[in-house]
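> Structure file work-v9.cif (mmCIF, C-alpha atoms) right here:
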```
data_data
loop_
_atom_site.label_atom_id
_atom_site.label_comp_id
_atom_site.auth_asym_id
_atom_site.auth_seq_id
_atom_site.Cartn_x
_atom_site.Cartn_y
_atom_site.Cartn_z
CA MET A 23 -32.20 17.70 -3.57
CA VAL A 24 -29.32 17.25 -1.21
CA ARG A 25 -27.45 14.09 -2.04
CA PHE A 26 -25.05 12.51 0.33
CA ARG A 27 -23.39 9.20 0.79
CA ILE A 28 -24.31 7.10 3.76
CA VAL A 29 -21.46 5.00 5.02
CA VAL A 30 -22.33 2.28 7.44
CA ALA A 31 -19.71 0.07 9.00
CA GLY A 32 -20.13 -3.46 7.79
CA CYS A 33 -22.87 -2.60 5.26
CA LYS A 34 -22.39 -3.72 1.70
CA SER A 35 -25.64 -2.80 -0.05
CA GLY A 36 -29.32 -2.25 0.61
CA ARG A 37 -31.63 0.65 1.33
CA MET A 38 -31.27 3.38 3.91
CA GLU A 39 -33.61 6.12 5.09
CA ILE A 40 -32.39 9.69 4.80
CA PRO A 41 -32.67 10.86 8.40
CA GLY A 42 -35.70 13.00 9.04
CA THR A 43 -37.25 12.66 5.58
CA GLY A 44 -38.81 9.24 5.45
CA GLU A 45 -37.25 8.89 2.02
CA GLU A 46 -35.41 5.70 1.24
CA ILE A 47 -32.46 5.54 -1.12
CA ALA A 48 -30.45 2.67 -2.51
CA VAL A 49 -27.08 2.37 -0.86
CA ALA A 50 -24.04 0.58 -2.12
CA THR A 51 -21.06 1.08 0.09
CA SER A 52 -17.71 -0.46 0.64
CA GLN A 53 -17.26 -2.02 4.00
CA VAL A 54 -15.69 0.57 6.23
CA TRP A 55 -13.21 0.03 9.03
CA PRO A 56 -15.03 1.26 12.14
CA VAL A 57 -12.54 3.99 13.09
CA LEU A 58 -12.18 7.58 12.00
CA ARG A 59 -9.57 7.80 9.27
CA ARG A 60 -7.03 10.59 9.56
CA ALA A 61 -5.59 10.42 6.05
CA VAL A 62 -8.05 12.30 3.85
CA ILE A 63 -7.71 12.17 0.08
CA PRO A 64 -8.76 15.50 -1.41
CA ARG A 65 -11.08 15.41 -4.41
CA ALA A 66 -9.22 18.28 -6.06
CA ALA A 67 -5.64 19.28 -5.36
CA ASP A 68 -2.31 19.68 -7.05
CA GLU A 69 -0.43 16.58 -8.12
CA PHE A 70 2.05 16.53 -5.25
CA THR A 71 -0.69 16.88 -2.63
CA MET A 72 -2.71 14.11 -4.24
CA LEU A 73 0.19 11.66 -4.43
CA LYS A 74 1.18 12.30 -0.81
CA ALA A 75 -2.44 11.91 0.30
CA TYR A 76 -2.87 8.59 -1.47
CA LEU A 77 0.36 7.22 -0.04
CA GLU A 78 -0.64 8.29 3.46
CA HIS A 79 -4.05 6.71 2.98
CA TYR A 80 -2.50 3.37 2.12
CA ARG A 81 0.07 3.56 4.92
CA GLU A 82 -2.77 4.23 7.33
CA THR A 83 -4.75 1.34 5.87
CA PHE A 84 -1.89 -1.02 6.67
CA GLU A 85 -1.70 0.38 10.19
CA LEU A 86 -5.41 -0.28 10.64
CA LYS A 87 -5.09 -3.83 9.38
CA CYS A 88 -2.58 -4.51 12.16
CA ALA A 89 -4.39 -2.56 14.89
CA GLY A 90 -5.75 -4.78 17.63
CA VAL A 91 -3.97 -7.94 16.53
CA PRO A 92 -2.16 -9.55 19.49
CA ALA A 93 1.58 -9.93 19.13
CA ASP A 94 1.37 -13.69 19.24
CA ARG A 95 -0.89 -13.71 16.17
CA MET A 96 0.95 -11.19 14.00
CA SER A 97 3.20 -13.93 12.59
CA GLU A 98 0.38 -16.30 11.71
CA ARG A 99 0.21 -17.29 8.07
CA SER A 100 -3.51 -16.89 8.02
CA SER A 101 -4.23 -17.09 4.30
CA PRO A 102 -2.78 -20.39 3.08
CA PRO A 103 -1.22 -21.41 0.82
CA SER A 104 0.39 -17.97 1.05
CA THR A 105 3.25 -17.81 3.56
CA MET A 106 2.64 -14.13 4.22
CA SER A 107 1.83 -12.76 7.67
CA LEU A 108 1.15 -9.28 9.01
CA HIS A 109 4.52 -9.42 10.79
CA GLY A 110 6.26 -10.33 7.55
CA LEU A 111 4.48 -7.58 5.67
CA THR A 112 5.48 -5.06 8.34
CA ARG A 113 9.12 -6.05 7.96
CA HIS A 114 8.86 -5.98 4.18
CA LEU A 115 7.27 -2.52 4.06
CA ALA A 116 9.85 -1.10 6.48
CA GLY A 117 12.55 -2.42 4.18
CA VAL A 118 10.83 -1.01 1.10
CA GLU A 119 10.51 2.44 2.68
CA ARG A 120 14.20 2.54 3.57
CA TRP A 121 15.37 1.02 0.28
CA TRP A 122 13.51 3.36 -2.01
CA PHE A 123 13.25 6.69 -0.18
CA ALA A 124 16.31 6.72 2.06
CA ILE A 125 18.92 4.59 0.29
CA ASN A 126 18.08 5.15 -3.37
CA PHE A 127 16.24 8.44 -3.68
CA ALA A 128 18.07 10.38 -0.95
CA GLY A 129 21.33 8.43 -1.32
CA LEU A 130 21.72 7.85 2.42
CA ASP A 131 24.38 5.39 3.54
CA LEU A 132 22.18 2.93 5.42
CA PRO A 133 22.09 -0.86 5.57
CA MET A 134 19.17 -2.60 3.92
CA LEU A 135 16.50 -3.80 6.33
CA HIS A 136 15.54 -7.44 6.62
CA TYR A 137 17.45 -8.47 3.49
CA SER A 138 20.68 -10.17 2.59
CA ASP A 139 21.86 -11.82 -0.58
CA ASP A 140 22.04 -15.08 1.37
CA ASP A 141 18.44 -14.67 2.56
CA PRO A 142 16.50 -12.44 0.18
CA ASP A 143 13.18 -13.43 1.78
CA GLU A 144 14.37 -12.66 5.30
CA ASP A 145 11.61 -10.09 5.73
CA PHE A 146 8.84 -12.62 5.28
CA GLU A 147 10.60 -15.71 6.66
CA SER A 148 12.52 -14.62 9.78
CA LEU A 149 9.73 -13.86 12.21
CA ASP A 150 11.49 -14.45 15.56
CA GLY A 151 11.50 -10.81 16.60
CA ASP A 152 8.84 -8.72 18.33
CA PRO A 153 6.11 -7.77 15.83
CA PHE A 154 5.33 -4.58 17.74
CA GLU A 155 8.98 -3.53 17.51
CA ALA A 156 8.74 -4.26 13.79
CA LEU A 157 5.74 -1.93 13.59
CA ASP A 158 7.65 0.79 15.44
CA LEU A 159 10.54 0.42 13.01
CA TRP A 160 8.15 0.61 10.05
CA ARG A 161 6.59 3.79 11.46
CA ALA A 162 10.04 5.32 11.91
CA GLU A 163 10.98 4.50 8.32
CA CYS A 164 7.71 6.06 7.12
CA GLU A 165 8.52 9.22 9.06
CA ARG A 166 11.97 9.46 7.49
CA SER A 167 10.41 8.89 4.06
CA ARG A 168 8.02 11.78 4.69
CA GLU A 169 10.92 14.04 5.62
CA ILE A 170 12.76 13.06 2.45
CA VAL A 171 9.69 13.81 0.32
CA GLU A 172 9.11 17.17 1.99
CA ALA A 173 12.75 18.12 1.51
CA ALA A 174 12.69 17.32 -2.21
CA SER A 175 12.49 20.17 -4.70
CA GLY A 176 9.37 18.68 -6.25
CA LEU A 177 8.06 15.74 -8.22
CA ASP A 178 10.67 16.24 -10.93
CA ALA A 179 13.50 15.74 -8.42
CA VAL A 180 15.69 12.83 -9.50
CA GLY A 181 16.80 10.03 -7.22
CA VAL A 182 20.47 10.11 -6.20
CA ARG A 183 21.08 6.43 -6.90
CA GLU A 184 19.89 5.09 -10.23
CA ARG A 185 17.91 1.88 -10.36
CA ASN A 186 17.93 0.57 -13.94
CA GLY A 187 18.18 4.20 -14.99
CA SER A 188 17.19 7.49 -13.45
CA TYR A 189 13.74 8.14 -12.02
CA THR A 190 11.86 11.07 -10.59
CA LEU A 191 10.10 11.45 -7.25
CA ARG A 192 6.86 11.34 -9.25
CA TRP A 193 7.75 7.82 -10.47
CA LEU A 194 8.76 6.76 -6.98
CA MET A 195 5.58 8.06 -5.33
CA LEU A 196 3.43 6.20 -7.83
CA ARG A 197 5.50 3.08 -7.35
CA MET A 198 5.10 3.22 -3.58
CA ILE A 199 1.37 3.86 -3.84
CA ALA A 200 1.06 0.78 -6.02
CA GLU A 201 3.18 -1.32 -3.65
CA TYR A 202 1.15 -0.31 -0.61
CA ALA A 203 -2.13 -0.89 -2.42
CA GLN A 204 -0.97 -4.38 -3.36
CA HIS A 205 0.17 -5.24 0.15
CA ASP A 206 -2.91 -3.71 1.75
CA GLY A 207 -4.85 -6.25 -0.27
CA HIS A 208 -2.66 -8.99 1.19
CA ALA A 209 -3.17 -7.55 4.67
CA ASP A 210 -6.91 -7.48 4.07
CA PHE A 211 -7.04 -11.26 3.53
CA LEU A 212 -4.57 -11.94 6.34
CA ARG A 213 -6.60 -9.96 8.85
CA GLU A 214 -9.83 -11.58 7.76
CA GLY A 215 -8.16 -14.93 8.26
CA LEU A 216 -7.15 -13.98 11.80
CA ASP A 217 -10.37 -12.62 13.25
CA GLY A 218 -12.83 -11.97 10.45
CA ALA A 219 -12.33 -8.19 10.50
CA VAL A 220 -12.79 -6.61 7.06
CA GLY A 221 -13.05 -3.14 5.57
CA ALA A 222 -10.82 -0.26 4.65
CA MET B 15 1.35 -13.52 -22.13
CA GLU B 16 3.43 -10.54 -23.12
CA ARG B 17 3.49 -8.18 -20.17
CA VAL B 18 2.95 -4.46 -20.05
CA TRP B 19 5.79 -3.20 -17.85
CA VAL B 20 5.97 -0.24 -15.56
CA PRO B 21 6.73 3.07 -17.26
CA ALA B 22 10.37 4.09 -17.06
CA ASP B 23 9.51 7.72 -16.37
CA GLY B 24 7.59 10.62 -17.84
CA ASP B 25 5.30 13.48 -17.04
CA ASP B 26 2.28 13.06 -14.80
CA ARG B 27 -0.03 11.89 -17.56
CA ASP B 28 2.48 9.35 -18.93
CA LEU B 29 3.16 7.88 -15.51
CA LEU B 30 -0.43 7.75 -14.34
CA LEU B 31 -1.60 6.05 -17.51
CA GLY B 32 1.44 3.80 -17.56
CA TRP B 33 1.00 2.53 -14.02
CA LEU B 34 -2.74 2.05 -14.55
CA ALA B 35 -2.06 0.00 -17.67
CA PHE B 36 0.51 -2.06 -15.81
CA HIS B 37 -1.88 -3.01 -13.04
CA ARG B 38 -4.82 -3.67 -15.34
CA HIS B 39 -2.59 -5.97 -17.31
CA ALA B 40 -1.27 -7.59 -14.14
CA LEU B 41 -4.81 -8.60 -13.20
CA GLY B 42 -5.22 -10.28 -16.55
CA ALA B 43 -1.88 -12.02 -16.21
CA THR B 44 -2.80 -13.28 -12.75
CA CYS B 45 -6.00 -14.82 -14.11
CA GLU B 46 -4.41 -16.27 -17.23
CA GLY B 47 -4.51 -20.04 -17.45
CA LEU B 48 -7.25 -20.53 -14.88
CA GLU B 49 -9.98 -22.93 -15.85
CA PRO B 50 -13.43 -21.36 -16.35
CA GLU B 51 -14.83 -23.21 -13.36
CA ARG B 52 -12.16 -21.64 -11.10
CA PRO B 53 -12.49 -17.87 -11.73
#
```
Mind turning this structure into structure tokens?

Amino acid sequence: MVRFRIVVAGCKSGRMEIPGTGEEIAVATSQVWPVLRRAVIPRAADEFTMLKAYLEHYRETFELKCAGVPADRMSERSSPPSTMSLHGLTRHLAGVERWWFAINFAGLDLPMLHYSDDDPDEDFESLDGDPFEALDLWRAECERSREIVEAASGLDAVGVRERNGSYTLRWLMLRMIAEYAQHDGHADFLREGLDGAVGA
Amino acid sequence: MERVWVPADGDDRDLLLGWLAFHRHALGATCEGLEPERP
């Protein structure tokens, strides 16, 4: 019997008919964002490929959570009592990309983004700028991070600047996957609070 | 609650299991102290 998974946008659970057979099967699906995802996670691949795929998947998820939100709503704190917003998350993630991949792992001499010792929460609190420019900056930082990863000798490559000790690219990739997964969850609630859109 | 912290470093198995343990434990820590009627 051919088994396949039916994914229906907005469907959580129920029964579906296998096209052309008249046979019904139980379906339990996650809600799916109604666009074609580019970042595919392979079921079987080497470790480096898998880690890069997962990180790309989560970066793309964040992009989708922001897609279609008007600029004047990107800074709304739509999940009180949290003070987070999609604009703030964008700024934060751009700063995280630069801090970890460019400044620490690659050792590049760059200023930190959206942070100062006087205002450590500047990324989430200072939302006067253009959110779409913030997204462009985040995308540019992601692209530089990709170049740094591709240029590395492998997952055992060690970061140039130590952070509480040395760490490998393997550790950093896992850390970034975890950070994006966490913030994608935040973005999920924020987006739902803005216009009800859900899914991943 | 005593926290499970992120692994310092290691091979792929050590890091994968370490990070998974950290986040499982983080969920428990986030729920700690909540009253039963507010899950």
> Tell me, counting all atoms listed in the file, for each residue of chain A within 8 Å of chain B, which pair of atoms is nearest and how far apart they are in Å to one decimal, in rows ordered by chain and increasing number, as a Markdown table.

```
| residue | atom | partner | partner_atom | distance |
| --- | --- | --- | --- | --- |
| A:Tyr189 | CA | B:Asp23 | CA | 6.1 |
| A:Thr190 | CA | B:Asp23 | CA | 7.1 |
| A:Arg192 | CA | B:Asp26 | CA | 7.4 |
| A:Trp193 | CA | B:Asp23 | CA | 6.2 |
| A:Leu196 | CA | B:Trp33 | CA | 7.6 |
```
> By how many Å are CA of Asp143 in chain A and CA of Thr112 in chain A apart?
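Distance between the two atoms: 13.1 Å.
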> Which residues match the PyMOL selection byres ((chain A and resi 162) around 12) in the file above, as a list in words?
Thr112, Leu115, Ala116, Gly117, Glu119, Arg120, Ala124, Glu155, Ala156, Leu157, Asp158, Leu159, Trp160, Arg161, Glu163, Cys164, Glu165, Arg166, Ser167, Arg168 and Glu169 of chain A
> Take the PyMOL selection byres ((chain A and resi 212) around 9), apply it to the structure above, and return the hits as a list in words.
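Checking the PyMOL selection byres ((chain A and resi 212) around 9) against this file, the residues are Lys87, Glu98, Arg99, Ser100, Ser101, Met106, Ser107, Leu108, Gly207, His208, Ala209, Asp210, Phe211, Arg213, Glu214, Gly215 and Leu216 of chain A.
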> List the residues selected by the PyMOL selection byres ((chain B and resi 16) around 10) in the file shown, writing them as number ranges by chain.
B: 15, 17-19, 39, 43
> Point out the residue among B:Leu41, B:Arg27, B:Gly32, B:Pro50 with the least atom-to-atom distance to Arg197 in chain A, counting all atoms listed in the file.
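For Arg197 in chain A, the nearest of the given residues is B:Gly32.
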